[in-house]
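**Student:** I am sharing work.pdb, which consists of PDB, C-alpha atoms:
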```pdb
ATOM      1  CA  MET B   1     164.484 -26.788 -61.224
ATOM      2  CA  THR B   2     163.009 -23.403 -60.376
ATOM      3  CA  THR B   3     161.331 -23.195 -56.973
ATOM      4  CA  THR B   4     158.142 -21.124 -57.061
ATOM      5  CA  ILE B   5     157.292 -19.120 -53.946
ATOM      6  CA  ASP B   6     153.872 -17.507 -53.523
ATOM      7  CA  ILE B   7     153.449 -14.704 -50.974
ATOM      8  CA  VAL B   8     149.862 -14.218 -49.849
ATOM      9  CA  LEU B   9     148.281 -10.752 -49.886
ATOM     10  CA  PHE B  10     145.017  -9.612 -48.309
ATOM     11  CA  ASP B  11     143.540  -6.311 -47.164
ATOM     12  CA  GLY B  12     145.110  -5.269 -43.875
ATOM     13  CA  VAL B  13     148.328  -7.218 -44.449
ATOM     14  CA  ASP B  14     151.336  -5.820 -42.621
ATOM     15  CA  GLU B  15     153.327  -4.353 -45.471
ATOM     16  CA  LEU B  16     156.772  -5.318 -44.190
ATOM     17  CA  ASP B  17     155.649  -8.889 -43.457
ATOM     18  CA  ALA B  18     155.159  -9.315 -47.207
ATOM     19  CA  ILE B  19     157.569  -6.828 -48.778
ATOM     20  CA  GLY B  20     160.548  -7.734 -46.582
ATOM     21  CA  PRO B  21     160.563 -11.369 -47.768
ATOM     22  CA  LEU B  22     159.712 -10.266 -51.325
ATOM     23  CA  GLU B  23     162.774  -7.990 -51.421
ATOM     24  CA  ALA B  24     165.130 -10.664 -50.114
ATOM     25  CA  LEU B  25     163.778 -13.504 -52.250
ATOM     26  CA  ARG B  26     163.573 -11.556 -55.516
ATOM     27  CA  GLY B  27     166.930  -9.992 -54.781
ATOM     28  CA  ALA B  28     168.486 -13.447 -54.494
ATOM     29  CA  ALA B  29     166.687 -14.545 -57.675
ATOM     30  CA  ALA B  30     168.045 -11.544 -59.572
ATOM     31  CA  ARG B  31     171.541 -12.714 -58.660
ATOM     32  CA  GLY B  32     171.149 -16.269 -59.844
ATOM     33  CA  ALA B  33     169.151 -18.161 -57.221
ATOM     34  CA  ASP B  34     166.689 -20.413 -59.071
ATOM     35  CA  LEU B  35     163.604 -18.890 -57.463
ATOM     36  CA  ALA B  36     160.390 -17.421 -58.891
ATOM     37  CA  VAL B  37     158.487 -15.233 -56.437
ATOM     38  CA  ARG B  38     154.898 -14.035 -56.846
ATOM     39  CA  LEU B  39     152.440 -11.988 -54.821
ATOM     40  CA  VAL B  40     149.012 -13.647 -54.849
ATOM     41  CA  THR B  41     145.498 -12.801 -53.691
ATOM     42  CA  ARG B  42     142.696 -15.264 -53.085
ATOM     43  CA  THR B  43     140.410 -13.594 -55.624
ATOM     44  CA  GLU B  44     140.278 -10.500 -57.779
ATOM     45  CA  PRO B  45     140.765  -7.579 -57.468
ATOM     46  CA  LEU B  46     144.524  -7.976 -57.340
ATOM     47  CA  GLU B  47     145.012  -4.718 -55.446
ATOM     48  CA  VAL B  48     144.931  -4.729 -51.631
ATOM     49  CA  THR B  49     145.441  -2.010 -49.051
ATOM     50  CA  GLY B  50     147.964  -2.782 -46.336
ATOM     51  CA  GLN B  51     147.653  -2.167 -42.610
ATOM     52  CA  HIS B  52     149.385   1.216 -42.931
ATOM     53  CA  GLY B  53     147.624   2.329 -46.103
ATOM     54  CA  LEU B  54     150.128   1.187 -48.736
ATOM     55  CA  ARG B  55     148.419  -0.133 -51.862
ATOM     56  CA  LEU B  56     149.897  -3.368 -53.154
ATOM     57  CA  ARG B  57     149.130  -5.113 -56.440
ATOM     58  CA  ALA B  58     149.467  -8.879 -56.652
ATOM     59  CA  ASP B  59     150.887 -10.698 -59.648
ATOM     60  CA  ALA B  60     148.046 -13.214 -59.840
ATOM     61  CA  VAL B  61     145.101 -14.869 -58.141
ATOM     62  CA  TYR B  62     146.318 -17.836 -56.115
ATOM     63  CA  GLU B  63     146.235 -21.240 -57.768
ATOM     64  CA  PRO B  64     147.839 -24.356 -56.279
ATOM     65  CA  GLY B  65     151.221 -25.096 -57.755
ATOM     66  CA  ALA B  66     153.944 -23.264 -55.827
ATOM     67  CA  GLU B  67     156.507 -25.232 -53.858
ATOM     68  CA  VAL B  68     156.478 -22.631 -51.065
ATOM     69  CA  LEU B  69     153.498 -20.656 -49.733
ATOM     70  CA  LEU B  70     154.378 -17.728 -47.472
ATOM     71  CA  VAL B  71     151.685 -16.196 -45.259
ATOM     72  CA  PRO B  72     152.237 -12.727 -43.733
ATOM     73  CA  GLY B  73     150.272 -11.255 -40.839
ATOM     74  CA  GLY B  74     148.852  -7.930 -39.760
ATOM     75  CA  GLY B  75     145.951  -6.798 -37.603
ATOM     76  CA  TRP B  76     145.772  -9.923 -35.439
ATOM     77  CA  VAL B  77     146.576  -8.427 -32.061
ATOM     78  CA  ALA B  78     144.176  -5.496 -32.595
ATOM     79  CA  ARG B  79     141.456  -7.857 -33.904
ATOM     80  CA  ALA B  80     141.246  -5.417 -36.807
ATOM     81  CA  ALA B  81     138.455  -5.470 -39.379
ATOM     82  CA  THR B  82     141.040  -6.327 -42.044
ATOM     83  CA  GLY B  83     144.210  -8.390 -41.715
ATOM     84  CA  ALA B  84     145.147 -11.843 -40.475
ATOM     85  CA  TRP B  85     142.477 -11.930 -37.754
ATOM     86  CA  ALA B  86     139.745 -10.990 -40.214
ATOM     87  CA  GLU B  87     140.994 -13.566 -42.727
ATOM     88  CA  ALA B  88     140.987 -16.269 -40.056
ATOM     89  CA  GLU B  89     137.450 -15.344 -39.033
ATOM     90  CA  ARG B  90     136.272 -15.257 -42.663
ATOM     91  CA  GLY B  91     137.920 -18.615 -43.273
ATOM     92  CA  ASP B  92     138.385 -18.353 -47.046
ATOM     93  CA  TRP B  93     142.142 -18.990 -46.960
ATOM     94  CA  LEU B  94     141.977 -21.873 -44.482
ATOM     95  CA  PRO B  95     141.003 -24.720 -46.853
ATOM     96  CA  LEU B  96     143.578 -23.482 -49.362
ATOM     97  CA  LEU B  97     146.289 -23.625 -46.704
ATOM     98  CA  ARG B  98     145.173 -27.103 -45.682
ATOM     99  CA  ALA B  99     145.181 -28.258 -49.304
ATOM    100  CA  ALA B 100     148.692 -26.854 -49.774
ATOM    101  CA  ALA B 101     149.849 -28.698 -46.673
ATOM    102  CA  ASP B 102     148.215 -31.910 -47.900
ATOM    103  CA  ALA B 103     150.156 -31.595 -51.159
ATOM    104  CA  GLY B 104     153.502 -31.277 -49.371
ATOM    105  CA  VAL B 105     153.960 -27.555 -50.013
ATOM    106  CA  LEU B 106     156.535 -25.897 -47.753
ATOM    107  CA  LEU B 107     154.519 -23.491 -45.601
ATOM    108  CA  ALA B 108     156.100 -20.323 -44.216
ATOM    109  CA  GLY B 109     154.496 -17.930 -41.767
ATOM    110  CA  VAL B 110     155.665 -14.435 -40.885
ATOM    111  CA  CYS B 111     154.539 -12.644 -37.722
ATOM    112  CA  THR B 112     150.833 -13.241 -37.095
ATOM    113  CA  GLY B 113     150.506 -14.967 -40.444
ATOM    114  CA  VAL B 114     151.504 -17.971 -38.317
ATOM    115  CA  MET B 115     148.124 -17.638 -36.581
ATOM    116  CA  LEU B 116     146.412 -18.228 -39.927
ATOM    117  CA  LEU B 117     148.423 -21.436 -40.281
ATOM    118  CA  ALA B 118     147.428 -22.428 -36.748
ATOM    119  CA  ARG B 119     143.764 -21.701 -37.459
ATOM    120  CA  ALA B 120     144.031 -23.833 -40.617
ATOM    121  CA  GLY B 121     145.254 -26.730 -38.461
ATOM    122  CA  VAL B 122     148.468 -27.336 -40.380
ATOM    123  CA  ILE B 123     151.060 -26.849 -37.623
ATOM    124  CA  GLY B 124     150.288 -29.979 -35.620
ATOM    125  CA  ASP B 125     153.007 -31.118 -33.209
ATOM    126  CA  ARG B 126     155.678 -28.953 -34.783
ATOM    127  CA  PRO B 127     157.152 -25.981 -32.897
ATOM    128  CA  ALA B 128     156.530 -22.484 -34.247
ATOM    129  CA  THR B 129     156.962 -18.830 -33.381
ATOM    130  CA  THR B 130     155.027 -15.634 -34.062
ATOM    131  CA  HIS B 131     154.875 -11.975 -33.002
ATOM    132  CA  GLN B 132     155.575 -11.604 -29.280
ATOM    133  CA  GLU B 133     152.095 -10.193 -28.640
ATOM    134  CA  ALA B 134     150.430 -13.182 -30.304
ATOM    135  CA  LYS B 135     152.424 -15.975 -28.645
ATOM    136  CA  ALA B 136     149.733 -16.502 -26.015
ATOM    137  CA  ASP B 137     147.183 -17.012 -28.808
ATOM    138  CA  LEU B 138     149.512 -19.451 -30.550
ATOM    139  CA  GLU B 139     150.002 -21.415 -27.354
ATOM    140  CA  ALA B 140     146.232 -21.414 -26.744
ATOM    141  CA  ALA B 141     145.856 -22.972 -30.197
ATOM    142  CA  GLY B 142     147.832 -25.966 -28.930
ATOM    143  CA  VAL B 143     151.105 -25.095 -30.652
ATOM    144  CA  LYS B 144     154.508 -25.581 -29.016
ATOM    145  CA  VAL B 145     155.759 -22.003 -29.026
ATOM    146  CA  ALA B 146     159.494 -21.449 -29.545
ATOM    147  CA  ASP B 147     161.108 -18.205 -28.417
ATOM    148  CA  GLU B 148     163.140 -17.839 -31.590
ATOM    149  CA  ARG B 149     163.324 -15.416 -34.512
ATOM    150  CA  VAL B 150     162.981 -18.211 -37.089
ATOM    151  CA  VAL B 151     161.964 -21.825 -36.499
ATOM    152  CA  ASP B 152     162.513 -24.430 -39.230
ATOM    153  CA  ALA B 153     160.440 -27.563 -38.617
ATOM    154  CA  GLY B 154     160.897 -29.210 -41.993
ATOM    155  CA  GLY B 155     157.739 -28.564 -43.988
ATOM    156  CA  LEU B 156     156.940 -25.546 -41.821
ATOM    157  CA  VAL B 157     159.101 -22.448 -41.309
ATOM    158  CA  THR B 158     157.869 -19.640 -39.066
ATOM    159  CA  ALA B 159     159.192 -16.230 -38.060
ATOM    160  CA  GLY B 160     158.566 -13.770 -35.242
ATOM    161  CA  GLY B 161     157.405 -10.205 -35.615
ATOM    162  CA  VAL B 162     157.643  -8.032 -38.723
ATOM    163  CA  THR B 163     161.382  -7.705 -39.531
ATOM    164  CA  SER B 164     161.841 -11.402 -38.748
ATOM    165  CA  GLY B 165     160.348 -12.011 -42.173
ATOM    166  CA  ILE B 166     163.655 -10.917 -43.720
ATOM    167  CA  ASP B 167     165.450 -13.509 -41.592
ATOM    168  CA  LEU B 168     162.952 -16.126 -42.726
ATOM    169  CA  ALA B 169     163.436 -15.204 -46.382
ATOM    170  CA  LEU B 170     167.216 -15.404 -46.112
ATOM    171  CA  HIS B 171     166.858 -18.752 -44.366
ATOM    172  CA  LEU B 172     164.721 -19.962 -47.281
ATOM    173  CA  VAL B 173     167.371 -18.763 -49.734
ATOM    174  CA  ASP B 174     169.965 -20.662 -47.693
ATOM    175  CA  ARG B 175     167.824 -23.788 -47.689
ATOM    176  CA  LEU B 176     166.672 -23.655 -51.321
ATOM    177  CA  ALA B 177     169.598 -22.022 -53.148
ATOM    178  CA  GLY B 178     172.589 -22.435 -50.849
ATOM    179  CA  ARG B 179     174.587 -20.587 -48.231
ATOM    180  CA  GLU B 180     176.554 -18.497 -50.713
ATOM    181  CA  ALA B 181     173.380 -17.059 -52.258
ATOM    182  CA  ALA B 182     171.926 -16.239 -48.835
ATOM    183  CA  GLU B 183     175.074 -14.546 -47.590
ATOM    184  CA  ALA B 184     175.385 -12.539 -50.811
ATOM    185  CA  GLU B 185     171.812 -11.292 -50.488
ATOM    186  CA  ALA B 186     172.299 -10.401 -46.826
ATOM    187  CA  ARG B 187     175.332  -8.320 -47.805
ATOM    188  CA  ARG B 188     173.353  -6.564 -50.523
ATOM    189  CA  LEU B 189     170.604  -5.765 -48.029
ATOM    190  CA  GLU B 190     173.223  -4.725 -45.446
ATOM    191  CA  TYR B 191     171.272  -6.937 -43.076
ATOM    192  CA  PRO B 192     172.930  -8.580 -40.046
ATOM    193  CA  TRP B 193     171.858 -12.131 -40.898
ATOM    194  CA  SER B 194     173.468 -15.235 -39.481
ATOM    195  CA  PRO B 195     172.747 -18.782 -40.700
ATOM    196  CA  GLU B 196     172.793 -19.814 -37.054
ATOM    197  CA  GLY B 197     169.862 -17.481 -36.394
ATOM    198  CA  ALA B 198     167.250 -20.111 -37.289
ATOM    199  CA  ALA B 199     166.322 -22.793 -34.784
ATOM    200  CA  VAL B 200     166.270 -25.907 -36.951
ATOM    201  CA  GLN B 201     164.180 -28.694 -35.483
ATOM    202  CA  PRO B 202     166.324 -31.813 -34.926
ATOM    203  CA  GLY B 203     166.007 -33.914 -38.043
ATOM    204  CA  GLY B 204     165.324 -30.802 -40.140
ATOM    205  CA  ALA B 205     163.504 -31.467 -43.368
ATOM    206  CA  ALA B 206     163.625 -35.185 -42.665
ATOM    207  CA  GLY B 207     160.772 -34.697 -40.216
ATOM    208  CA  PRO B 208     159.964 -32.878 -37.009
ATOM    209  CA  ARG B 209     159.738 -34.769 -33.742
ATOM    210  CA  GLY B 210     156.377 -36.444 -33.365
ATOM    211  CA  HIS B 211     155.762 -36.484 -37.124
ATOM    212  CA  THR B 212     154.083 -39.668 -38.307
ATOM    213  CA  ILE B 213     152.459 -40.934 -41.498
ATOM    214  CA  THR B 214     150.121 -43.915 -41.544
ATOM    215  CA  THR B 215     147.931 -45.443 -44.234
ATOM    216  CA  GLU B 216     144.867 -47.618 -44.018
ATOM    217  CA  PRO B 217     142.337 -49.060 -46.468
ATOM    218  CA  VAL B 218     139.076 -47.155 -46.842
ATOM    219  CA  ALA B 219     136.067 -49.306 -45.957
ATOM    220  CA  GLY B 220     133.602 -48.928 -48.796
ATOM    221  CA  THR B 221     133.536 -47.330 -52.232
ATOM    222  CA  VAL B 222     135.057 -43.870 -52.625
ATOM    223  CA  ARG B 223     133.713 -41.639 -55.401
ATOM    224  CA  ALA B 224     135.054 -38.309 -56.728
ATOM    225  CA  ILE B 225     132.861 -36.104 -58.961
ATOM    226  CA  PHE B 226     133.877 -33.097 -61.048
ATOM    227  CA  GLY B 227     131.816 -31.258 -63.652
ATOM    228  CA  GLY B 228     128.954 -33.667 -63.127
ATOM    229  CA  GLN B 229     131.091 -36.682 -63.996
ATOM    230  CA  THR B 230     132.523 -39.430 -61.821
ATOM    231  CA  VAL B 231     136.265 -38.994 -62.297
ATOM    232  CA  ALA B 232     137.350 -41.678 -59.837
ATOM    233  CA  GLU B 233     135.633 -44.562 -58.055
ATOM    234  CA  SER B 234     137.323 -47.291 -56.080
ATOM    235  CA  ARG B 235     136.826 -50.005 -53.488
ATOM    236  CA  ASN B 236     140.590 -50.087 -52.958
ATOM    237  CA  ALA B 237     141.300 -46.515 -51.906
ATOM    238  CA  LEU B 238     143.935 -45.754 -49.295
ATOM    239  CA  LEU B 239     143.576 -43.123 -46.558
ATOM    240  CA  LEU B 240     146.799 -41.368 -45.548
ATOM    241  CA  ARG B 241     147.015 -39.672 -42.161
ATOM    242  CA  GLU B 242     149.915 -37.292 -41.462
ATOM    243  CA  THR B 243     150.684 -35.355 -38.317
ATOM    244  CA  GLY B 244     149.093 -31.907 -38.366
ATOM    245  CA  LEU B 245     147.352 -32.387 -41.722
ATOM    246  CA  ALA B 246     143.918 -33.386 -42.919
ATOM    247  CA  PRO B 247     143.608 -37.003 -44.129
ATOM    248  CA  VAL B 248     144.111 -37.575 -47.871
ATOM    249  CA  THR B 249     142.523 -40.333 -49.965
ATOM    250  CA  TYR B 250     144.635 -41.964 -52.680
ATOM    251  CA  PHE B 251     142.922 -43.844 -55.525
ATOM    252  CA  PRO B 252     144.559 -46.646 -57.495
ATOM    253  CA  ILE B 253     145.349 -45.053 -60.853
ATOM    254  CA  ASP B 254     143.439 -47.875 -62.572
ATOM    255  CA  ASP B 255     140.301 -46.560 -60.836
ATOM    256  CA  VAL B 256     140.760 -42.984 -62.097
ATOM    257  CA  ARG B 257     139.471 -41.773 -65.459
ATOM    258  CA  MET B 258     142.902 -40.718 -66.648
ATOM    259  CA  GLU B 259     141.520 -39.782 -70.088
ATOM    260  CA  LEU B 260     140.051 -36.698 -68.383
ATOM    261  CA  LEU B 261     143.394 -35.738 -66.871
ATOM    262  CA  GLU B 262     146.416 -34.163 -68.523
ATOM    263  CA  PRO B 263     149.870 -33.946 -66.908
ATOM    264  CA  SER B 264     150.935 -30.425 -65.957
ATOM    265  CA  ASP B 265     154.480 -29.089 -65.745
ATOM    266  CA  HIS B 266     154.207 -28.488 -62.022
ATOM    267  CA  ARG B 267     156.202 -30.492 -59.487
ATOM    268  CA  SER B 268     156.552 -30.228 -55.726
ATOM    269  CA  THR B 269     158.693 -32.052 -53.202
ATOM    270  CA  CYS B 270     157.549 -33.434 -49.864
ATOM    271  CA  PRO B 271     160.417 -34.332 -47.500
ATOM    272  CA  PHE B 272     158.400 -37.332 -46.261
ATOM    273  CA  LYS B 273     156.914 -38.719 -49.473
ATOM    274  CA  GLY B 274     159.066 -37.597 -52.408
ATOM    275  CA  GLU B 275     158.432 -35.610 -55.598
ATOM    276  CA  ALA B 276     154.819 -35.114 -56.644
ATOM    277  CA  SER B 277     153.609 -34.815 -60.235
ATOM    278  CA  TYR B 278     150.374 -32.928 -60.974
ATOM    279  CA  TRP B 279     147.474 -33.205 -63.410
ATOM    280  CA  ASN B 280     144.929 -30.786 -64.856
ATOM    281  CA  ILE B 281     141.365 -31.893 -65.533
ATOM    282  CA  ASP B 282     139.058 -31.118 -68.471
ATOM    283  CA  VAL B 283     135.560 -32.591 -68.766
ATOM    284  CA  GLY B 284     134.632 -30.566 -71.848
ATOM    285  CA  TRP B 285     132.661 -27.717 -70.351
ATOM    286  CA  ARG B 286     134.722 -27.281 -67.206
ATOM    287  CA  SER B 287     138.388 -27.535 -66.330
ATOM    288  CA  ALA B 288     140.794 -26.962 -63.426
ATOM    289  CA  GLY B 289     144.557 -26.802 -63.131
ATOM    290  CA  ASN B 290     146.695 -28.958 -60.844
ATOM    291  CA  ILE B 291     143.706 -30.633 -59.240
ATOM    292  CA  ALA B 292     145.357 -34.004 -58.696
ATOM    293  CA  TRP B 293     148.784 -35.282 -57.777
ATOM    294  CA  ALA B 294     150.718 -38.517 -57.396
ATOM    295  CA  TYR B 295     154.096 -39.655 -56.105
ATOM    296  CA  GLU B 296     155.143 -41.687 -59.127
ATOM    297  CA  ASP B 297     158.473 -42.645 -57.563
ATOM    298  CA  PRO B 298     157.874 -42.198 -53.825
ATOM    299  CA  LEU B 299     160.481 -42.428 -51.105
ATOM    300  CA  PRO B 300     161.113 -46.040 -49.968
ATOM    301  CA  GLU B 301     159.145 -45.587 -46.738
ATOM    302  CA  ARG B 302     156.097 -44.482 -48.753
ATOM    303  CA  VAL B 303     156.095 -47.126 -51.448
ATOM    304  CA  ASP B 304     152.434 -47.747 -50.557
ATOM    305  CA  LEU B 305     151.612 -44.571 -52.519
ATOM    306  CA  LYS B 306     153.121 -45.842 -55.768
ATOM    307  CA  GLY B 307     150.497 -46.247 -58.471
ATOM    308  CA  ARG B 308     148.024 -44.025 -56.615
ATOM    309  CA  LEU B 309     146.615 -40.545 -57.220
ATOM    310  CA  ALA B 310     144.892 -38.004 -54.943
ATOM    311  CA  PHE B 311     142.587 -35.057 -55.623
ATOM    312  CA  TYR B 312     142.168 -31.721 -53.883
ATOM    313  CA  GLU B 313     138.836 -32.705 -52.371
ATOM    314  CA  GLY B 314     137.713 -29.106 -51.850
ATOM    315  CA  ARG B 315     137.954 -28.426 -55.587
ATOM    316  CA  LEU B 316     135.719 -31.354 -56.554
ATOM    317  CA  ASP B 317     131.933 -31.110 -56.841
ATOM    318  CA  ALA B 318     131.524 -34.041 -54.496
ATOM    319  CA  PHE B 319     133.683 -36.565 -52.670
ATOM    320  CA  TYR B 320     132.131 -39.288 -50.553
ATOM    321  CA  VAL B 321     132.327 -42.857 -49.304
ATOM    322  CA  ILE B 322     129.555 -45.389 -49.932
ATOM    323  CA  GLU B 323     129.725 -47.775 -47.000
ATOM    324  CA  ASP B 324     129.414 -51.493 -47.602
TER     325      ASP B 324
END
```
Reformat the file's structure so that it appears as structure tokens.

**Tutor:**
Amino acid sequence: MTTTIDIVLFDGVDELDAIGPLEALRGAAARGADLAVRLVTRTEPLEVTGQHGLRLRADAVYEPGAEVLLVPGGGWVARAATGAWAEAERGDWLPLLRAAADAGVLLAGVCTGVMLLARAGVIGDRPATTHQEAKADLEAAGVKVADERVVDAGGLVTAGGVTSGIDLALHLVDRLAGREAAEAEARRLEYPWSPEGAAVQPGGAAGPRGHTITTEPVAGTVRAIFGGQTVAESRNALLLRETGLAPVTYFPIDDVRMELLEPSDHRSTCPFKGEASYWNIDVGWRSAGNIAWAYEDPLPERVDLKGRLAFYEGRLDAFYVIED
């Protein structure tokens, strides 16, 4: 199955943070790696101006659905008016990053793009790295800072400054398409990459140290509203808490108006929960793609999610609990 990778663009992005990984990932895809790589902006216009004046045009406006979301940096250390610092202060990307993390998307951060992930609250107890001049900020955010070029902590992969993004991209090729594909792309780039260059957290994709998932019943009635209609209502909802991520509410499928939902072709894989299937919603006058997901055949340790479905709460009109 093709793995879709979205690379975030915004005004003030460090050009090499984005283009370095793009070159390596699309290069590997052109030689047979089953990867689809896109540049995405949060909104239109699709054209952004990089930190050094290069104009870049995205392929699309970001919509949830990619298996990997890669966030570059730029402008953080200088507290520039555009770039990662400005995006963190504006806050528009933060809920989207949290929603991606909630859905089990593999998050990747290059240079000070890692600071956006930290500001979104999706790193948690996992170790990470960033540009050398931003490591103090990362540590101040409560993150365990690793003095490495690339750090793989399962659902989170981070890289140091600027050119480290190429190392991160080749590591992703290694992880997603195999060692042979990564080594072939490194040779094409004439880049001195070594598979031992990434510090893989013990346990790898199986879960970083300190990672926990717990579930508990929600006390009361949970209601989800979209397009003016109640699309789910349940007294038997389940709240899932996962290290470093916002809590997620799962409804019994019997309590969801499935006639308003249509399965999409998108799939994603969470190393802790299994493969997720997604649904679009259409209430007649309003629709949204990939707004809900479920683990139809979850991993054995997450069998409590079987027969349940969750929504991206931030994309609903309203989501609340009516206490008993």

**Student:** Record the distance separating CA of Gly155 (chain B) and CA of Phe272 (chain B), expressed in Å with one decimal.

**Tutor:**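 Atom-to-atom, CA of Gly155 (chain B) and CA of Phe272 (chain B) are spaced 9.1 Å apart.
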
**Student:** Suppose a student applies the PyMOL selection byres ((chain B and resi 70-74) around 6) to this structure; what residues should they get, written as a list in words?

**Tutor:**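 When the PyMOL selection byres ((chain B and resi 70-74) around 6) is applied to the shown file, the picked residues are Ile7, Val8, Val13, Asp14, Asp17, Ala18, Leu69, Gly75, Trp76, Gly83, Ala84, Ala108, Gly109, Val110, Cys111, Thr112 and Gly113 of chain B.
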
**Student:** Run the PyMOL selection byres ((chain B and resi 126) around 7) mentally over the shown coordinates, then write out the matched residues as a list in words, using the chain letters and numbers from the document.

**Tutor:**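 For this structure, the PyMOL selection byres ((chain B and resi 126) around 7) resolves to Ile123, Gly124, Asp125, Pro127, Ala128, Lys144, Ala153 and Pro208 of chain B.
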
**Student:** For this file, the PyMOL selection byres ((chain B and resi 145) around 12) selects which residues, as a PyMOL selection string?

**Tutor:** chain B and resi 114-115+118+123-132+134-144+146-151+158-160

**Student:** Using all atoms listed in the file, which of the listed residues (B:Pro263, B:Gly284, B:Gly307, B:Gly50) sits closest to Gly228 (chain B)?

**Tutor:**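 Closest to Gly228 (chain B), using all atoms listed in the file: B:Gly284.
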
**Student:** Rank nothing, just name the residue among B:Glu216, B:Glu313, B:Glu23, B:Asp254 nearest to Asp167 (chain B), using only C-alpha atoms.

**Tutor:**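 The shortest atom-to-atom distance to Asp167 (chain B) comes from B:Glu23.
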
**Student:** CA of Leu97 (chain B) to CA of Arg42 (chain B): how many Å, to one decimal?

**Tutor:**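 That distance, rounded to one decimal, is 11.1 Å.
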
**Student:** Extract, using only C-alpha atoms, all DNA, RNA and protein residues at most 12 Å from Pro192 (chain B), discarding same-chain residues fewer than 6 positions from it, and format them as a ChimeraX atom specification.

**Tutor:** /B:163-164,166-167,170,182-186

**Student:** Got time to write the residues from that selection, C-alpha atoms, as a CSV table (one decimal), in the frame of the given file?

**Tutor:**
```
chain,number,residue,atom,x,y,z
B,163,THR,CA,161.4,-7.7,-39.5
B,164,SER,CA,161.8,-11.4,-38.7
B,166,ILE,CA,163.7,-10.9,-43.7
B,167,ASP,CA,165.4,-13.5,-41.6
B,170,LEU,CA,167.2,-15.4,-46.1
B,182,ALA,CA,171.9,-16.2,-48.8
B,183,GLU,CA,175.1,-14.5,-47.6
B,184,ALA,CA,175.4,-12.5,-50.8
B,185,GLU,CA,171.8,-11.3,-50.5
B,186,ALA,CA,172.3,-10.4,-46.8
```

**Student:** Quick one: residues within 6 Å of Leu309 (chain B), all atoms listed in the file counted, chain neighbours fewer than 5 positions away excluded, as a PyMOL selection string?

**Tutor:** chain B and resi 250-251+253+293-294

**Student:** Go ahead and save the residues from that selection, with C-alpha atoms, as an mmCIF file, keeping the file's coordinate frame.

**Tutor:**
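Wrote it out as out.cif, contents follow:
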```
data_model
loop_
_atom_site.group_PDB
_atom_site.id
_atom_site.type_symbol
_atom_site.label_atom_id
_atom_site.label_comp_id
_atom_site.auth_asym_id
_atom_site.auth_seq_id
_atom_site.Cartn_x
_atom_site.Cartn_y
_atom_site.Cartn_z
ATOM 1 C CA TYR B 250 144.635 -41.964 -52.680
ATOM 2 C CA PHE B 251 142.922 -43.844 -55.525
ATOM 3 C CA ILE B 253 145.349 -45.053 -60.853
ATOM 4 C CA TRP B 293 148.784 -35.282 -57.777
ATOM 5 C CA ALA B 294 150.718 -38.517 -57.396
#
```

**Student:** Pick from B:Asp102, B:Asp92, B:Asp152, B:Glu196: nearest to Thr249 (chain B), with all atoms listed in the file counted?

**Tutor:**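 Nearest to Thr249 (chain B): B:Asp102.
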
**Student:** To one decimal place, how far is CA of Ala101 (chain B) from CA of Arg55 (chain B) in Å?

**Tutor:**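 For CA of Ala101 (chain B) relative to CA of Arg55 (chain B), the distance reads 29.1 Å.
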
**Student:** Identify, on the basis of all atoms listed in the file, every residue whose closest approach to Tyr62 (chain B) does not exceed 12 Å; exclude the query and any residue fewer than 5 positions from it along the same chain; express the result as number ranges by chain.

**Tutor:** B: 5-10, 38-46, 69-70, 93, 96-97, 100, 289

**Student:** For the residues selected in the previous step, produce a file with C-alpha atoms as a PDB file, keeping the file's coordinate frame.

**Tutor:**
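File produced: out16.pdb:
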```
ATOM      1  CA  ILE B   5     157.292 -19.120 -53.946  1.00  0.00           C
ATOM      2  CA  ASP B   6     153.872 -17.507 -53.523  1.00  0.00           C
ATOM      3  CA  ILE B   7     153.449 -14.704 -50.974  1.00  0.00           C
ATOM      4  CA  VAL B   8     149.862 -14.218 -49.849  1.00  0.00           C
ATOM      5  CA  LEU B   9     148.281 -10.752 -49.886  1.00  0.00           C
ATOM      6  CA  PHE B  10     145.017  -9.612 -48.309  1.00  0.00           C
ATOM      7  CA  ARG B  38     154.898 -14.035 -56.846  1.00  0.00           C
ATOM      8  CA  LEU B  39     152.440 -11.988 -54.821  1.00  0.00           C
ATOM      9  CA  VAL B  40     149.012 -13.647 -54.849  1.00  0.00           C
ATOM     10  CA  THR B  41     145.498 -12.801 -53.691  1.00  0.00           C
ATOM     11  CA  ARG B  42     142.696 -15.264 -53.085  1.00  0.00           C
ATOM     12  CA  THR B  43     140.410 -13.594 -55.624  1.00  0.00           C
ATOM     13  CA  GLU B  44     140.278 -10.500 -57.779  1.00  0.00           C
ATOM     14  CA  PRO B  45     140.765  -7.579 -57.468  1.00  0.00           C
ATOM     15  CA  LEU B  46     144.524  -7.976 -57.340  1.00  0.00           C
ATOM     16  CA  LEU B  69     153.498 -20.656 -49.733  1.00  0.00           C
ATOM     17  CA  LEU B  70     154.378 -17.728 -47.472  1.00  0.00           C
ATOM     18  CA  TRP B  93     142.142 -18.990 -46.960  1.00  0.00           C
ATOM     19  CA  LEU B  96     143.578 -23.482 -49.362  1.00  0.00           C
ATOM     20  CA  LEU B  97     146.289 -23.625 -46.704  1.00  0.00           C
ATOM     21  CA  ALA B 100     148.692 -26.854 -49.774  1.00  0.00           C
ATOM     22  CA  GLY B 289     144.557 -26.802 -63.131  1.00  0.00           C
TER      23      GLY B 289
END
```

**Student:** So, with only C-alpha atoms as the atoms that count, which of B:Ala310, B:Ile19, B:Ala120, B:Ala318 lies closest to Val162 (chain B)?

**Tutor:**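 That would be B:Ile19, the residue with the smallest distance to Val162 (chain B).
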
**Student:** When you look at Gly220 (chain B) with a cut-off of 8 Å (counting only C-alpha atoms), what residues show up, excluding the ones that are within fewer than 3 positions of it in the same chain? I need them as a PyMOL selection string.

**Tutor:** chain B and resi 235+321-324
